[in-house]
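Enquirer: Just passing along the structure, written as structure tokens.
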2 protein chains.
Amino acid sequence: MTSGAQNPYPTADAGTSHVGRRIRSLREERGLSLSELARRAGVGKATLSGLENGTRNPTLETLWAVTAQLGVGLGSVVGTGPVVHGTAVQGVLLQAFEEEGAAYELYRLVFPAGSSQLSPAHHQGVTEHLTVFAGLLRAGPADAPLLAGPGDYITWQSDVPHTYATLGDQDVHASLLIRYPRLRSGLPDGPVREPGEVSPRGDASGR
Amino acid sequence: MTSGAQNPYPTADAGTSHVGRRIRSLREERGLSLSELARRAGVGKATLSGLENGTRNPTLETLWAVTAQLGVGLGSVVGTGPVVHGTAVQGVLLQAFEEEGAAYELYRLVFPAGSSQLSPAHHQGVTEHLTVFAGLLRAGPADAPLLAGPGDYITWQSDVPHTYATLGDQDVHASLLIRYPRLRSGLPDGPVREPGEVSPRGDASGR
DNA sequence: GGCGATCGTTCCGTTTACGGAACGACACGG
DNA sequence: CCGTGTCGTTCCGTAAACGGAACGATCGCC
């Protein structure tokens, strides 16, 4: 994704309007009025109105105040960038974790009903962990896929080609956690590795 | 501004400074100078300097421009959500999903080394799905906890009291997905599916 | 119909985040 | 030693995000 150099995001405008829609949606899900949410969050109604309509470029502080009242993390509304369109699946990277022994990427996936997709093998040791929220999905190694319905969890080694295919006429919603074990090759310690999390393959612009 | 109502966050200040530190850390990992990153991101050096030092309250647009150049999603640097404190665990709600048949809450958890916690029973049908990123954790029903190490997944019915306890001297990092089946007033029309029971190694029959 | 309450938007003065330029500190090279 | 380059911070005028108040629209109630 991203490819570094050029700005991969549609300027701030498209972004802010997306965030605005998301916030409005969350607010309405909770049955809150704009005035009420503004009051609780301690921001002006003008601020919240402009934010929801995408006519303002909100401040981090403002976003925190609002999302906190909605009970979601800021990461939930900024979406982290619509990424990863497979041939069938639409995915959003929710979070990337860096741990000592492995990197994790957590995706929110939607498979349109009737779709199927074949993914190539990842590196050795990579595992995928998938939890289905809604719909019926057959996924896993191409030669032995597993079946999962709402609430089910399936996992497989993804160092072989693997497939995803919906069953039934429902869209499939799922979360997918991909685990990339840290390759124990070469450098043992090297520089003092900060625990800070890093997108594993972000980089680009090789230094 | 600033704490209009009671603010569950460590004020925006702590938040912005946290984001600033994260961004500085990401920048330095890439060997970029402040000037260079500012130039590439198309923001002023003053802006980036203030942002990294936590003396400014950056705009969404600014954050996008900067994080895009760092090759990470905005969610990676603001990755904080509502903080949940148990007696031992520190948790962050990453996402809450509302599906037709169930609600899901996805948490990022950190158990300090040596800690343990007992949680009361949830409603019937609620299941917990936990993936350990780092450390060693014993968790599950109080009378039959399961063991999980890095990369392991465990699940259990949480309609009975359940425990979490770290093993070893490492902090435990994990993701926890809690599934709340929608209560069909009356009878559970759809038979509640058993939790996955498929796991790289943890497994062991939740319940 | 009249009236009050609340909805979301718009107006407006104040505050502040913005980019550009100037600054001192440091590292090289001539 | 003294340019020359780049580092990150600070200063400053401008643009814009902020909260409060005023606005028209819509609902419920008498």
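Letters for chains follow the order of the structure tokens (A, B, ...), residue numbers begin at 1 for each chain, and ligand numbers begin at 1 in the order shown.
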Can you tell me, as a list in words, what residues are no more than 12 Å from DA5 of chain C when counting only C-alpha atoms (C1' of nucleotides), ignoring any on the same chain fewer than 3 positions away?
Expert: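 Close residues of DA5 of chain C: DT26, DC27, DG28 and DC29 of chain D.
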Enquirer: Write out as a list in words the residues lying within 8 Å of Leu147 of chain B, counting only C-alpha atoms (C1' of nucleotides) and excluding same-chain residues fewer than 6 positions away.
Expert: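 Once the nearby chain positions are removed, what remains is Leu136, Leu137, Arg138, Ala139, Ile154 and Gly202 of chain B.
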Enquirer: Store the residues of this selection in a file with N, CA and C atoms, as a compact mmCIF listing (two decimals), in the first residue's frame.
Expert:
# COMPACT_ATOMS: atom_id res chain seq x y z
N LEU B 136 3.35 -15.13 28.78
CA LEU B 136 2.69 -16.40 29.03
C LEU B 136 1.51 -16.13 29.95
N LEU B 137 0.35 -16.59 29.54
CA LEU B 137 -0.86 -16.25 30.29
C LEU B 137 -1.70 -17.50 30.55
N ARG B 138 -2.23 -17.57 31.76
CA ARG B 138 -3.19 -18.61 32.07
C ARG B 138 -4.53 -17.92 32.24
N ALA B 139 -5.49 -18.31 31.45
CA ALA B 139 -6.78 -17.61 31.50
C ALA B 139 -7.90 -18.57 31.15
N ILE B 154 -6.81 -18.85 22.68
CA ILE B 154 -7.66 -19.64 23.55
C ILE B 154 -9.04 -19.00 23.62
N GLY B 202 -2.98 -23.91 21.88
CA GLY B 202 -3.66 -23.66 23.15
C GLY B 202 -4.84 -24.56 23.28
Enquirer: Could you give me, as a list in words, the residues within 8 Å of segment 2-18 of chain D, counting only C-alpha atoms (C1' of nucleotides) and dropping anything in the same chain fewer than 5 positions from it?
Expert: Gly44, Thr47, Arg56, Asn57, Pro58 and Thr59 of chain A; Ser33, Leu34, Ser35, Ala46 and Ser49 of chain B; DT15, DT16, DC18, DA22, DC23 and DC26 of chain C
Enquirer: Set the distance at 8 Å and use only C-alpha atoms (C1' of nucleotides): which residues neighbour segment 64-67 of chain B once local chain neighbours fewer than 2 positions away are removed? I'd like the list as a short mmCIF file (atom, residue, chain, number, x, y, z; two decimals) with N, CA, C and O atoms, in the first residue's frame.
Expert:
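Okay, part_19.cif is ready:
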data_model
loop_
_atom_site.label_atom_id
_atom_site.label_comp_id
_atom_site.auth_asym_id
_atom_site.auth_seq_id
_atom_site.Cartn_x
_atom_site.Cartn_y
_atom_site.Cartn_z
N ASN A 7 1.69 11.28 -1.68
CA ASN A 7 0.70 11.21 -0.63
C ASN A 7 -0.41 10.24 -1.02
O ASN A 7 -1.17 10.49 -1.94
N TYR A 9 -3.01 9.52 0.52
CA TYR A 9 -4.34 9.88 1.01
C TYR A 9 -4.94 10.99 0.19
O TYR A 9 -4.23 11.86 -0.30
N ALA A 12 -6.63 16.02 2.91
CA ALA A 12 -7.32 15.88 4.18
C ALA A 12 -8.82 15.91 3.96
O ALA A 12 -9.59 15.36 4.72
N ILE B 23 5.68 9.66 17.07
CA ILE B 23 6.05 10.12 15.74
C ILE B 23 7.55 10.37 15.67
O ILE B 23 8.21 10.00 14.70
N LEU B 37 11.60 15.22 6.98
CA LEU B 37 10.24 14.73 7.08
C LEU B 37 9.24 15.85 6.87
O LEU B 37 8.23 15.69 6.19
N ALA B 38 9.54 17.00 7.44
CA ALA B 38 8.64 18.15 7.27
C ALA B 38 8.53 18.50 5.78
O ALA B 38 7.43 18.74 5.28
N ALA B 41 6.51 15.77 3.94
CA ALA B 41 5.10 15.76 4.32
C ALA B 41 4.41 17.05 3.91
O ALA B 41 3.19 17.15 3.97
N GLY B 42 5.20 18.04 3.54
CA GLY B 42 4.60 19.29 3.14
C GLY B 42 4.07 20.11 4.30
O GLY B 42 3.12 20.86 4.16
N VAL B 43 4.68 19.96 5.44
CA VAL B 43 4.29 20.78 6.59
C VAL B 43 5.49 21.59 7.04
O VAL B 43 6.63 21.27 6.70
N LEU B 60 -6.03 17.20 12.13
CA LEU B 60 -6.14 15.91 11.47
C LEU B 60 -5.36 15.90 10.16
O LEU B 60 -4.68 14.93 9.83
N GLU B 61 -5.45 16.98 9.45
CA GLU B 61 -4.75 17.08 8.18
C GLU B 61 -3.24 16.96 8.38
O GLU B 61 -2.56 16.26 7.64
N THR B 62 -2.75 17.65 9.37
CA THR B 62 -1.32 17.57 9.66
C THR B 62 -0.92 16.15 10.01
O THR B 62 0.07 15.61 9.52
N GLN B 69 3.71 9.88 5.38
CA GLN B 69 5.11 9.84 4.99
C GLN B 69 5.89 8.82 5.80
O GLN B 69 6.92 8.32 5.37
N LEU B 70 5.41 8.53 6.98
CA LEU B 70 6.09 7.53 7.80
C LEU B 70 5.64 6.13 7.42
O LEU B 70 6.16 5.14 7.94
N GLY B 71 4.67 6.05 6.56
CA GLY B 71 4.22 4.75 6.09
C GLY B 71 3.38 3.99 7.10
O GLY B 71 3.25 2.78 7.04
N VAL B 72 2.79 4.70 8.03
CA VAL B 72 1.91 4.04 8.98
C VAL B 72 0.54 4.72 8.95
O VAL B 72 0.41 5.86 8.52
N GLY B 73 -0.43 3.99 9.37
CA GLY B 73 -1.76 4.57 9.47
C GLY B 73 -1.83 5.47 10.68
O GLY B 73 -1.07 5.32 11.62
N LEU B 74 -2.77 6.37 10.62
CA LEU B 74 -2.93 7.27 11.75
C LEU B 74 -3.27 6.47 13.01
O LEU B 74 -2.86 6.82 14.11
N VAL B 77 -0.49 5.61 15.46
CA VAL B 77 0.11 6.57 16.39
C VAL B 77 -0.88 7.07 17.42
O VAL B 77 -0.49 7.53 18.48
#
